[in-house]
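The file final.pdb comes next; it holds PDB, C-alpha atoms, pLDDT in the B column.
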```pdb
ATOM      1  CA  MET Y   1    -102.852 230.382 303.952  1.00 47.00           C
ATOM      2  CA  ARG Y   2    -104.106 232.029 300.727  1.00 44.00           C
ATOM      3  CA  ARG Y   3    -101.458 230.158 298.655  1.00 45.00           C
ATOM      4  CA  LEU Y   4    -102.473 226.856 300.319  1.00 42.00           C
ATOM      5  CA  ALA Y   5    -106.169 227.426 299.499  1.00 44.00           C
ATOM      6  CA  LEU Y   6    -105.270 228.219 295.876  1.00 41.00           C
ATOM      7  CA  LEU Y   7    -103.185 225.032 295.596  1.00 41.00           C
ATOM      8  CA  PHE Y   8    -106.091 223.005 297.030  1.00 41.00           C
ATOM      9  CA  ALA Y   9    -108.528 224.503 294.493  1.00 43.00           C
ATOM     10  CA  VAL Y  10    -106.211 223.718 291.586  1.00 41.00           C
ATOM     11  CA  THR Y  11    -105.837 220.116 292.786  1.00 45.00           C
ATOM     12  CA  ILE Y  12    -109.634 219.663 293.014  1.00 43.00           C
ATOM     13  CA  ALA Y  13    -110.126 221.139 289.534  1.00 44.00           C
ATOM     14  CA  ALA Y  14    -107.494 218.818 288.037  1.00 45.00           C
ATOM     15  CA  SER Y  15    -109.111 215.767 289.670  1.00 45.00           C
ATOM     16  CA  THR Y  16    -112.550 216.835 288.441  1.00 44.00           C
ATOM     17  CA  SER Y  17    -111.240 217.337 284.901  1.00 42.00           C
ATOM     18  CA  THR Y  18    -109.630 213.897 284.948  1.00 43.00           C
ATOM     19  CA  ALA Y  19    -112.838 212.255 286.149  1.00 42.00           C
ATOM     20  CA  PHE Y  20    -114.886 214.149 283.586  1.00 36.00           C
ATOM     21  CA  ALA Y  21    -112.476 213.160 280.821  1.00 39.00           C
ATOM     22  CA  ALA Y  22    -112.695 209.523 281.861  1.00 37.00           C
ATOM     23  CA  SER Y  23    -116.483 209.553 281.893  1.00 36.00           C
ATOM     24  CA  LEU Y  24    -116.558 211.406 278.582  1.00 35.00           C
ATOM     25  CA  SER Y  25    -114.276 208.777 277.033  1.00 35.00           C
ATOM     26  CA  VAL Y  26    -116.597 205.939 278.099  1.00 37.00           C
ATOM     27  CA  GLY Y  27    -119.659 207.834 276.973  1.00 37.00           C
ATOM     28  CA  SER Y  28    -118.105 208.592 273.604  1.00 35.00           C
ATOM     29  CA  TRP Y  29    -117.315 204.890 273.084  1.00 34.00           C
ATOM     30  CA  HIS Y  30    -120.950 203.981 273.702  1.00 35.00           C
ATOM     31  CA  ILE Y  31    -122.181 206.646 271.324  1.00 37.00           C
ATOM     32  CA  TRP Y  32    -119.812 205.424 268.592  1.00 39.00           C
ATOM     33  CA  ALA Y  33    -120.814 201.788 269.025  1.00 47.00           C
ATOM     34  CA  GLY Y  34    -124.516 202.637 268.982  1.00 49.00           C
ATOM     35  CA  SER Y  35    -124.200 204.619 265.796  1.00 47.00           C
ATOM     36  CA  GLN Y  36    -122.947 201.663 263.733  1.00 50.00           C
ATOM     37  CA  ALA Y  37    -125.372 200.946 260.874  1.00 58.00           C
ATOM     38  CA  LEU Y  38    -126.711 197.404 260.599  1.00 67.00           C
ATOM     39  CA  THR Y  39    -127.262 195.922 257.150  1.00 86.00           C
ATOM     40  CA  LYS Y  40    -130.897 195.009 256.583  1.00 91.00           C
ATOM     41  CA  ALA Y  41    -132.090 192.530 253.975  1.00 93.00           C
ATOM     42  CA  THR Y  42    -135.125 190.455 253.016  1.00 95.00           C
ATOM     43  CA  CYS Y  43    -135.269 186.864 251.788  1.00 95.00           C
ATOM     44  CA  THR Y  44    -138.491 185.621 250.174  1.00 97.00           C
ATOM     45  CA  LEU Y  45    -138.899 181.898 249.556  1.00 96.00           C
ATOM     46  CA  SER Y  46    -141.683 180.277 247.524  1.00 96.00           C
ATOM     47  CA  GLY Y  47    -142.175 177.844 244.650  1.00 95.00           C
ATOM     48  CA  THR Y  48    -140.736 174.389 244.076  1.00 94.00           C
ATOM     49  CA  SER Y  49    -137.105 175.533 243.918  1.00 93.00           C
ATOM     50  CA  SER Y  50    -137.098 176.567 247.584  1.00 94.00           C
ATOM     51  CA  THR Y  51    -140.088 174.728 249.092  1.00 96.00           C
ATOM     52  CA  THR Y  52    -140.847 171.127 250.004  1.00 96.00           C
ATOM     53  CA  ASP Y  53    -144.388 170.302 251.056  1.00 97.00           C
ATOM     54  CA  THR Y  54    -146.779 167.391 251.309  1.00 97.00           C
ATOM     55  CA  ASP Y  55    -149.692 166.054 253.324  1.00 98.00           C
ATOM     56  CA  VAL Y  56    -150.139 162.731 255.091  1.00 98.00           C
ATOM     57  CA  ASP Y  57    -153.317 160.722 255.651  1.00 98.00           C
ATOM     58  CA  GLU Y  58    -154.075 158.591 258.695  1.00 97.00           C
ATOM     59  CA  LYS Y  59    -156.482 156.442 256.653  1.00 97.00           C
ATOM     60  CA  PHE Y  60    -153.678 155.557 254.215  1.00 97.00           C
ATOM     61  CA  PRO Y  61    -150.656 155.460 256.556  1.00 98.00           C
ATOM     62  CA  THR Y  62    -148.084 154.331 253.982  1.00 98.00           C
ATOM     63  CA  ALA Y  63    -149.233 156.514 251.083  1.00 96.00           C
ATOM     64  CA  THR Y  64    -147.278 159.547 249.859  1.00 94.00           C
ATOM     65  CA  ALA Y  65    -148.728 162.715 248.355  1.00 92.00           C
ATOM     66  CA  GLY Y  66    -145.710 164.797 247.341  1.00 83.00           C
ATOM     67  CA  GLY Y  67    -146.344 166.656 244.084  1.00 88.00           C
ATOM     68  CA  SER Y  68    -150.026 167.359 244.757  1.00 93.00           C
ATOM     69  CA  THR Y  69    -151.257 170.891 243.992  1.00 96.00           C
ATOM     70  CA  THR Y  70    -153.173 171.066 247.298  1.00 97.00           C
ATOM     71  CA  LEU Y  71    -152.389 170.312 250.937  1.00 98.00           C
ATOM     72  CA  SER Y  72    -155.033 168.901 253.279  1.00 98.00           C
ATOM     73  CA  VAL Y  73    -155.723 169.387 256.986  1.00 98.00           C
ATOM     74  CA  GLY Y  74    -158.580 167.446 258.587  1.00 97.00           C
ATOM     75  CA  PRO Y  75    -159.375 166.429 262.187  1.00 96.00           C
ATOM     76  CA  LYS Y  76    -161.628 163.359 261.920  1.00 95.00           C
ATOM     77  CA  SER Y  77    -160.270 160.587 264.116  1.00 95.00           C
ATOM     78  CA  GLY Y  78    -158.965 157.696 262.036  1.00 95.00           C
ATOM     79  CA  GLN Y  79    -158.920 159.918 258.942  1.00 96.00           C
ATOM     80  CA  ARG Y  80    -156.788 162.842 260.058  1.00 97.00           C
ATOM     81  CA  THR Y  81    -154.705 164.678 257.485  1.00 98.00           C
ATOM     82  CA  TRP Y  82    -151.679 166.820 258.293  1.00 98.00           C
ATOM     83  CA  THR Y  83    -149.817 169.265 256.074  1.00 98.00           C
ATOM     84  CA  PHE Y  84    -146.039 169.702 256.135  1.00 98.00           C
ATOM     85  CA  VAL Y  85    -144.121 172.598 254.605  1.00 97.00           C
ATOM     86  CA  ARG Y  86    -140.432 173.506 254.744  1.00 96.00           C
ATOM     87  CA  PHE Y  87    -138.190 176.041 253.006  1.00 95.00           C
ATOM     88  CA  ASP Y  88    -134.529 176.041 251.988  1.00 93.00           C
ATOM     89  CA  LEU Y  89    -133.476 178.694 254.501  1.00 89.00           C
ATOM     90  CA  LEU Y  90    -129.790 178.099 253.729  1.00 86.00           C
ATOM     91  CA  SER Y  91    -130.351 179.539 250.246  1.00 88.00           C
ATOM     92  CA  CYS Y  92    -130.895 182.937 251.904  1.00 90.00           C
ATOM     93  CA  ASN Y  93    -127.200 182.964 252.920  1.00 88.00           C
ATOM     94  CA  ILE Y  94    -127.972 184.624 256.243  1.00 87.00           C
ATOM     95  CA  PRO Y  95    -124.785 184.627 258.377  1.00 85.00           C
ATOM     96  CA  ALA Y  96    -124.896 182.977 261.796  1.00 81.00           C
ATOM     97  CA  THR Y  97    -123.990 186.383 263.259  1.00 83.00           C
ATOM     98  CA  GLY Y  98    -127.203 187.819 261.821  1.00 82.00           C
ATOM     99  CA  GLY Y  99    -130.702 187.680 263.248  1.00 86.00           C
ATOM    100  CA  ALA Y 100    -134.298 187.683 262.106  1.00 91.00           C
ATOM    101  CA  ASP Y 101    -136.136 190.953 262.672  1.00 93.00           C
ATOM    102  CA  SER Y 102    -139.307 189.234 261.486  1.00 95.00           C
ATOM    103  CA  ALA Y 103    -140.320 186.043 259.714  1.00 95.00           C
ATOM    104  CA  THR Y 104    -143.758 185.328 258.295  1.00 97.00           C
ATOM    105  CA  LEU Y 105    -145.175 182.064 256.971  1.00 97.00           C
ATOM    106  CA  SER Y 106    -148.082 182.546 254.554  1.00 98.00           C
ATOM    107  CA  LEU Y 107    -150.450 179.822 253.369  1.00 98.00           C
ATOM    108  CA  ARG Y 108    -153.269 180.228 250.850  1.00 98.00           C
ATOM    109  CA  ILE Y 109    -156.620 178.563 251.592  1.00 98.00           C
ATOM    110  CA  THR Y 110    -157.913 177.313 248.241  1.00 98.00           C
ATOM    111  CA  ALA Y 111    -160.922 175.472 249.695  1.00 98.00           C
ATOM    112  CA  ALA Y 112    -162.225 176.656 253.062  1.00 98.00           C
ATOM    113  CA  PRO Y 113    -164.040 174.400 255.549  1.00 96.00           C
ATOM    114  CA  ALA Y 114    -167.773 174.755 256.124  1.00 94.00           C
ATOM    115  CA  SER Y 115    -167.124 175.910 259.694  1.00 94.00           C
ATOM    116  CA  THR Y 116    -164.232 177.912 261.114  1.00 96.00           C
ATOM    117  CA  ARG Y 117    -161.339 175.760 262.294  1.00 96.00           C
ATOM    118  CA  THR Y 118    -158.320 176.490 264.496  1.00 96.00           C
ATOM    119  CA  LEU Y 119    -155.192 174.855 263.091  1.00 96.00           C
ATOM    120  CA  ASP Y 120    -151.902 174.348 264.908  1.00 96.00           C
ATOM    121  CA  VAL Y 121    -148.631 175.357 263.234  1.00 96.00           C
ATOM    122  CA  THR Y 122    -145.958 173.278 264.979  1.00 95.00           C
ATOM    123  CA  PRO Y 123    -142.186 173.427 264.287  1.00 94.00           C
ATOM    124  CA  VAL Y 124    -140.708 170.169 262.983  1.00 95.00           C
ATOM    125  CA  LEU Y 125    -137.317 169.366 264.519  1.00 93.00           C
ATOM    126  CA  SER Y 126    -136.189 166.415 262.387  1.00 93.00           C
ATOM    127  CA  THR Y 127    -135.723 165.946 258.671  1.00 94.00           C
ATOM    128  CA  TRP Y 128    -138.362 164.801 256.190  1.00 96.00           C
ATOM    129  CA  ASP Y 129    -139.017 165.079 252.453  1.00 95.00           C
ATOM    130  CA  GLY Y 130    -141.830 164.885 249.897  1.00 94.00           C
ATOM    131  CA  THR Y 131    -142.142 161.117 250.317  1.00 96.00           C
ATOM    132  CA  LEU Y 132    -143.272 161.472 253.938  1.00 97.00           C
ATOM    133  CA  THR Y 133    -146.087 159.120 255.024  1.00 98.00           C
ATOM    134  CA  TRP Y 134    -148.443 159.181 258.002  1.00 98.00           C
ATOM    135  CA  ASN Y 135    -146.403 156.484 259.682  1.00 98.00           C
ATOM    136  CA  GLY Y 136    -143.220 158.433 259.034  1.00 98.00           C
ATOM    137  CA  ALA Y 137    -144.761 161.585 260.482  1.00 98.00           C
ATOM    138  CA  GLN Y 138    -145.288 159.797 263.796  1.00 98.00           C
ATOM    139  CA  THR Y 139    -141.520 159.306 264.184  1.00 98.00           C
ATOM    140  CA  LEU Y 140    -140.583 162.983 263.706  1.00 97.00           C
ATOM    141  CA  SER Y 141    -139.684 165.322 266.562  1.00 95.00           C
ATOM    142  CA  TYR Y 142    -141.791 168.434 267.092  1.00 94.00           C
ATOM    143  CA  GLY Y 143    -141.345 171.688 268.972  1.00 90.00           C
ATOM    144  CA  ALA Y 144    -143.324 172.427 272.125  1.00 83.00           C
ATOM    145  CA  ASN Y 145    -144.410 175.870 270.965  1.00 72.00           C
ATOM    146  CA  PHE Y 146    -146.777 176.503 268.115  1.00 79.00           C
ATOM    147  CA  ALA Y 147    -148.806 179.227 266.456  1.00 92.00           C
ATOM    148  CA  THR Y 148    -152.377 178.918 265.227  1.00 95.00           C
ATOM    149  CA  ILE Y 149    -154.350 179.694 262.090  1.00 96.00           C
ATOM    150  CA  THR Y 150    -158.051 180.540 262.238  1.00 96.00           C
ATOM    151  CA  THR Y 151    -159.376 179.448 258.860  1.00 97.00           C
ATOM    152  CA  GLY Y 152    -162.689 181.245 258.473  1.00 97.00           C
ATOM    153  CA  THR Y 153    -165.089 179.901 255.851  1.00 97.00           C
ATOM    154  CA  VAL Y 154    -163.990 181.887 252.793  1.00 97.00           C
ATOM    155  CA  SER Y 155    -161.810 180.338 250.098  1.00 98.00           C
ATOM    156  CA  ASN Y 156    -158.924 182.002 248.248  1.00 98.00           C
ATOM    157  CA  VAL Y 157    -157.606 183.939 251.212  1.00 98.00           C
ATOM    158  CA  THR Y 158    -154.060 184.013 252.565  1.00 98.00           C
ATOM    159  CA  LYS Y 159    -153.354 183.279 256.214  1.00 98.00           C
ATOM    160  CA  SER Y 160    -150.083 184.499 257.722  1.00 97.00           C
ATOM    161  CA  VAL Y 161    -148.318 183.305 260.866  1.00 96.00           C
ATOM    162  CA  THR Y 162    -145.392 184.928 262.672  1.00 95.00           C
ATOM    163  CA  VAL Y 163    -142.520 182.427 262.993  1.00 94.00           C
ATOM    164  CA  THR Y 164    -139.722 184.844 263.926  1.00 93.00           C
ATOM    165  CA  ALA Y 165    -138.552 182.905 266.984  1.00 90.00           C
ATOM    166  CA  ASP Y 166    -138.260 179.666 264.993  1.00 89.00           C
ATOM    167  CA  ILE Y 167    -136.249 181.270 262.188  1.00 92.00           C
ATOM    168  CA  ASP Y 168    -134.036 183.334 264.494  1.00 88.00           C
ATOM    169  CA  ALA Y 169    -133.049 180.199 266.413  1.00 85.00           C
ATOM    170  CA  LEU Y 170    -132.176 178.442 263.152  1.00 86.00           C
ATOM    171  CA  ILE Y 171    -130.011 181.360 262.012  1.00 85.00           C
ATOM    172  CA  LYS Y 172    -128.150 181.454 265.320  1.00 82.00           C
ATOM    173  CA  ASN Y 173    -127.493 177.699 265.148  1.00 77.00           C
ATOM    174  CA  GLY Y 174    -126.620 177.696 261.440  1.00 70.00           C
ATOM    175  CA  SER Y 175    -129.193 174.938 260.965  1.00 74.00           C
ATOM    176  CA  ALA Y 176    -131.389 173.911 258.072  1.00 77.00           C
ATOM    177  CA  SER Y 177    -135.115 174.473 258.477  1.00 84.00           C
ATOM    178  CA  PHE Y 178    -137.363 171.436 258.819  1.00 93.00           C
ATOM    179  CA  GLY Y 179    -140.429 173.646 258.585  1.00 95.00           C
ATOM    180  CA  TRP Y 180    -143.803 173.171 260.189  1.00 96.00           C
ATOM    181  CA  ARG Y 181    -146.677 170.748 260.566  1.00 97.00           C
ATOM    182  CA  ILE Y 182    -150.172 172.176 260.131  1.00 98.00           C
ATOM    183  CA  SER Y 183    -152.746 170.056 261.933  1.00 97.00           C
ATOM    184  CA  GLU Y 184    -155.963 170.113 263.904  1.00 95.00           C
ATOM    185  CA  ALA Y 185    -156.773 168.375 267.168  1.00 90.00           C
ATOM    186  CA  SER Y 186    -158.472 165.017 266.661  1.00 89.00           C
ATOM    187  CA  GLY Y 187    -162.270 165.087 266.645  1.00 89.00           C
ATOM    188  CA  VAL Y 188    -165.383 163.630 265.068  1.00 88.00           C
ATOM    189  CA  THR Y 189    -166.060 166.439 262.604  1.00 89.00           C
ATOM    190  CA  ASN Y 190    -165.441 165.487 258.990  1.00 91.00           C
ATOM    191  CA  VAL Y 191    -164.223 168.831 257.644  1.00 94.00           C
ATOM    192  CA  THR Y 192    -161.181 169.616 255.533  1.00 96.00           C
ATOM    193  CA  THR Y 193    -159.139 172.744 254.872  1.00 98.00           C
ATOM    194  CA  LEU Y 194    -157.181 172.783 251.629  1.00 98.00           C
ATOM    195  CA  PHE Y 195    -154.114 174.942 251.068  1.00 98.00           C
ATOM    196  CA  GLY Y 196    -152.245 175.542 247.830  1.00 98.00           C
ATOM    197  CA  SER Y 197    -148.928 173.709 247.520  1.00 98.00           C
ATOM    198  CA  ALA Y 198    -145.625 174.735 245.956  1.00 97.00           C
ATOM    199  CA  GLU Y 199    -146.717 172.804 242.851  1.00 96.00           C
ATOM    200  CA  ASN Y 200    -149.851 174.919 242.430  1.00 97.00           C
ATOM    201  CA  ALA Y 201    -149.868 176.618 239.023  1.00 96.00           C
ATOM    202  CA  THR Y 202    -150.994 179.911 240.571  1.00 96.00           C
ATOM    203  CA  ALA Y 203    -148.042 181.588 242.286  1.00 96.00           C
ATOM    204  CA  ALA Y 204    -150.303 183.391 244.768  1.00 96.00           C
ATOM    205  CA  ASN Y 205    -151.514 179.997 246.030  1.00 98.00           C
ATOM    206  CA  GLN Y 206    -148.032 178.720 246.896  1.00 98.00           C
ATOM    207  CA  PRO Y 207    -146.679 178.714 250.474  1.00 98.00           C
ATOM    208  CA  GLN Y 208    -144.323 181.581 251.171  1.00 98.00           C
ATOM    209  CA  LEU Y 209    -141.761 182.443 253.819  1.00 97.00           C
ATOM    210  CA  VAL Y 210    -140.522 186.043 254.137  1.00 97.00           C
ATOM    211  CA  VAL Y 211    -137.554 186.724 256.431  1.00 96.00           C
ATOM    212  CA  ASN Y 212    -136.438 190.257 257.247  1.00 95.00           C
ATOM    213  CA  TYR Y 213    -133.019 190.065 258.842  1.00 92.00           C
ATOM    214  CA  GLU Y 214    -129.930 192.028 259.825  1.00 87.00           C
ATOM    215  CA  LYS Y 215    -126.294 191.097 259.426  1.00 81.00           C
TER
END
```
Let me see whether you can do it: turn the structure in this file into structure tokens.
Amino acid sequence: MRRLALLFAVTIAASTSTAFAASLSVGSWHIWAGSQALTKATCTLSGTSSTTDTDVDEKFPTATAGGSTTLSVGPKSGQRTWTFVRFDLLSCNIPATGGADSATLSLRITAAPASTRTLDVTPVLSTWDGTLTWNGAQTLSYGANFATITTGTVSNVTKSVTVTADIDALIKNGSASFGWRISEASGVTNVTTLFGSAENATAANQPQLVVNYEK
């Protein structure tokens, strides 16, 4: 009887050790995988070499404004102005296996409106260039989600918008960025917000996109 009890105890201990070893093996694999270091990097885009921007005017629906040093946003019905800005995201060389930790779009207000405005920053889903017109802007596709900018009434201030979701989706799809439309809901108020463009001689006034990513 004593020998049988000893044999039973040894068998239980061996089974326990095997189970423990198996669980330890799985746990060790998870610890190893979690300890892998991700490569972090930052891509900053600004200036004419990496930025295309323009504004369009409802009052002059076939006119183009590419090359202007300012970008206009105004809400007055029949005279609305919209700003468009896009960046050459492909020049960042972010691999499709990477992802955006954060992405920030910054625009510089060079001439503030007399009253605070709320502007919509809407993703553009189809291609355009600096020759875009108001009529052309009506044919573009736009994203359902958008961020907002509250202008304030002080000039020469920078407004920043988080666009991480937009940029992360582009990285995952390996797509070019068509940027954003900055606009205000139609109304009767004749007010205008002016932003600096990529052609502005002052670098601090130029639109900027900063992407912090991992690969």
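Relative to atom CA of Y:Glu199, atom CA of Y:Thr69 is found at 5.1 Å.
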Next item on the list: Calculate how many Å separate atom CA of Y:Asn200 from atom CA of Y:Asp101, rounding to one decimal.
Entry: 29.2 Å
Note to self: Which residues are close to stretch 121-133 of chain Y, i.e. within 8 Å by all atoms listed in the file, leaving aside same-chain residues fewer than 2 positions away? Reply as a PyMOL selection string.
What the structure shows: chain Y and resi 52-57+61-67+119+135-137+140-149+166+178-183
Find the nearest atom pair between each residue of stretch 59-147 of chain Y and stretch 39-42 of chain Y for residues within 10 Å, count only C-alpha atoms, give distances in Å to one decimal, sort rows by chain and ascending number, and present the table as a Markdown table.
```
| residue | atom | partner | partner_atom | distance |
| --- | --- | --- | --- | --- |
| Y:Cys92 | CA | Y:Thr42 | CA | 8.7 |
| Y:Ile94 | CA | Y:Ala41 | CA | 9.2 |
| Y:Gly98 | CA | Y:Thr39 | CA | 9.4 |
| Y:Gly99 | CA | Y:Lys40 | CA | 9.9 |
| Y:Ala100 | CA | Y:Thr42 | CA | 9.5 |
| Y:Asp101 | CA | Y:Lys40 | CA | 9.0 |
| Y:Ser102 | CA | Y:Thr42 | CA | 9.5 |
| Y:Ala103 | CA | Y:Thr42 | CA | 9.6 |
```
Item checked: Of the listed residues Y:Thr153, Y:Ser160, Y:Asn212, Y:Ser177, that which approaches Y:Ser50 most closely, counting all atoms listed in the file -> Y:Ser177
Checklist line | Point-to-point distance in Å for atom CA of Y:Ile109 and atom CA of Y:Gly196 | finding: 6.5 Å
Notebook entry, point to check: With only C-alpha atoms as the basis for distance, which of Y:Gly47, Y:Pro113, Y:Pro207, Y:Gly174 is at the shortest distance from Y:Pro75?
Noted result: Y:Pro113
Check: Smallest atom-to-atom distance to Y:Thr162: which of Y:Ser115, Y:Thr83, Y:Ser49, Y:Thr104, using all atoms listed in the file?
Finding: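 Smallest separation from Y:Thr162 among the options: Y:Thr104.
Using only C-alpha atoms, the smallest distance between any of Y:Ser186, Y:Ala165, Y:Thr158, Y:Trp82 and Y:Asn205 comes from Y:Thr158.
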Note to self: I'd like to see the residues matched by the PyMOL selection byres ((chain Y and resi 110) around 9) on this file, and ideally I'd get them as number ranges by chain.
What the structure shows: Y: 70, 108-109, 111-112, 154-158, 193-196, 205
Just-selected residues, C-alpha atoms written as a PDB file, in the frame of the given file:
```pdb
ATOM      1  CA  THR Y  70    -153.173 171.066 247.298  1.00 97.00           C
ATOM      2  CA  ARG Y 108    -153.269 180.228 250.850  1.00 98.00           C
ATOM      3  CA  ILE Y 109    -156.620 178.563 251.592  1.00 98.00           C
ATOM      4  CA  ALA Y 111    -160.922 175.472 249.695  1.00 98.00           C
ATOM      5  CA  ALA Y 112    -162.225 176.656 253.062  1.00 98.00           C
ATOM      6  CA  VAL Y 154    -163.990 181.887 252.793  1.00 97.00           C
ATOM      7  CA  SER Y 155    -161.810 180.338 250.098  1.00 98.00           C
ATOM      8  CA  ASN Y 156    -158.924 182.002 248.248  1.00 98.00           C
ATOM      9  CA  VAL Y 157    -157.606 183.939 251.212  1.00 98.00           C
ATOM     10  CA  THR Y 158    -154.060 184.013 252.565  1.00 98.00           C
ATOM     11  CA  THR Y 193    -159.139 172.744 254.872  1.00 98.00           C
ATOM     12  CA  LEU Y 194    -157.181 172.783 251.629  1.00 98.00           C
ATOM     13  CA  PHE Y 195    -154.114 174.942 251.068  1.00 98.00           C
ATOM     14  CA  GLY Y 196    -152.245 175.542 247.830  1.00 98.00           C
ATOM     15  CA  ASN Y 205    -151.514 179.997 246.030  1.00 98.00           C
TER      16      ASN Y 205
END
```
Next item on the list: Check what the PyMOL selection byres ((chain Y and resi 58) around 7) selects in the file above and give those residues as a PyMOL selection string.
Entry: chain Y and resi 56-57+59-61+78-81+134
Check: Given the choices Y:Asn190, Y:Thr97, Y:Ser106, Y:Gln138, which gets closest to Y:Lys172 if the distance is worked out from all atoms listed in the file?
Finding: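 Of all the options, Y:Thr97 lies closest to Y:Lys172.
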Next item on the list: Please provide the set of residues having any atom within 9 Å of Y:Thr189, restricted to only C-alpha atoms, with same-chain residues fewer than 6 positions apart removed, written as a VMD selection string.
Entry: chain Y and resid 74 to 77
Could you turn the residues from that selection into a file that holds C-alpha atoms, as a PDB file, in the frame of the given file?
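Resulting contents of out34.pdb:
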```pdb
ATOM      1  CA  GLY Y  74    -158.580 167.446 258.587  1.00 97.00           C
ATOM      2  CA  PRO Y  75    -159.375 166.429 262.187  1.00 96.00           C
ATOM      3  CA  LYS Y  76    -161.628 163.359 261.920  1.00 95.00           C
ATOM      4  CA  SER Y  77    -160.270 160.587 264.116  1.00 95.00           C
TER       5      SER Y  77
END
```
For stretch 125-131 of chain Y, supply all heavy atoms and report the output as a compact mmCIF listing (two decimals), keeping the file's coordinate frame.
```
# COMPACT_ATOMS: atom_id res chain seq x y z
N LEU Y 125 -138.71 169.31 264.08
CA LEU Y 125 -137.32 169.37 264.52
C LEU Y 125 -136.44 168.28 263.92
O LEU Y 125 -135.25 168.19 264.25
CB LEU Y 125 -137.26 169.28 266.05
CG LEU Y 125 -138.09 170.32 266.82
CD1 LEU Y 125 -137.92 170.13 268.31
CD2 LEU Y 125 -137.71 171.74 266.40
N SER Y 126 -136.99 167.45 263.04
CA SER Y 126 -136.19 166.42 262.39
C SER Y 126 -136.52 166.38 260.90
O SER Y 126 -137.57 166.85 260.47
CB SER Y 126 -136.42 165.05 263.04
OG SER Y 126 -137.79 164.78 263.23
N THR Y 127 -135.62 165.82 260.12
CA THR Y 127 -135.72 165.95 258.67
C THR Y 127 -136.81 165.07 258.06
O THR Y 127 -137.15 164.00 258.59
CB THR Y 127 -134.36 165.64 258.01
OG1 THR Y 127 -134.42 166.00 256.63
CG2 THR Y 127 -134.00 164.16 258.15
N TRP Y 128 -137.37 165.53 256.96
CA TRP Y 128 -138.36 164.80 256.19
C TRP Y 128 -138.31 165.32 254.77
O TRP Y 128 -137.70 166.35 254.48
CB TRP Y 128 -139.76 164.99 256.78
CG TRP Y 128 -140.18 166.43 256.86
CD1 TRP Y 128 -139.93 167.31 257.88
CD2 TRP Y 128 -140.90 167.18 255.86
NE1 TRP Y 128 -140.45 168.56 257.58
CE2 TRP Y 128 -141.04 168.51 256.35
CE3 TRP Y 128 -141.43 166.86 254.61
CZ2 TRP Y 128 -141.69 169.50 255.62
CZ3 TRP Y 128 -142.08 167.85 253.89
CH2 TRP Y 128 -142.21 169.16 254.39
N ASP Y 129 -138.96 164.61 253.83
CA ASP Y 129 -139.02 165.08 252.45
C ASP Y 129 -140.40 164.81 251.86
O ASP Y 129 -141.33 164.44 252.59
CB ASP Y 129 -137.92 164.44 251.60
CG ASP Y 129 -138.00 162.92 251.57
OD1 ASP Y 129 -139.12 162.37 251.72
OD2 ASP Y 129 -136.96 162.26 251.38
N GLY Y 130 -140.53 165.00 250.55
CA GLY Y 130 -141.83 164.88 249.90
C GLY Y 130 -142.41 163.49 249.87
O GLY Y 130 -143.56 163.32 249.48
N THR Y 131 -141.64 162.49 250.28
CA THR Y 131 -142.14 161.12 250.32
C THR Y 131 -142.66 160.75 251.71
O THR Y 131 -142.93 159.57 251.99
CB THR Y 131 -141.05 160.12 249.91
OG1 THR Y 131 -139.98 160.15 250.88
CG2 THR Y 131 -140.49 160.45 248.53
```
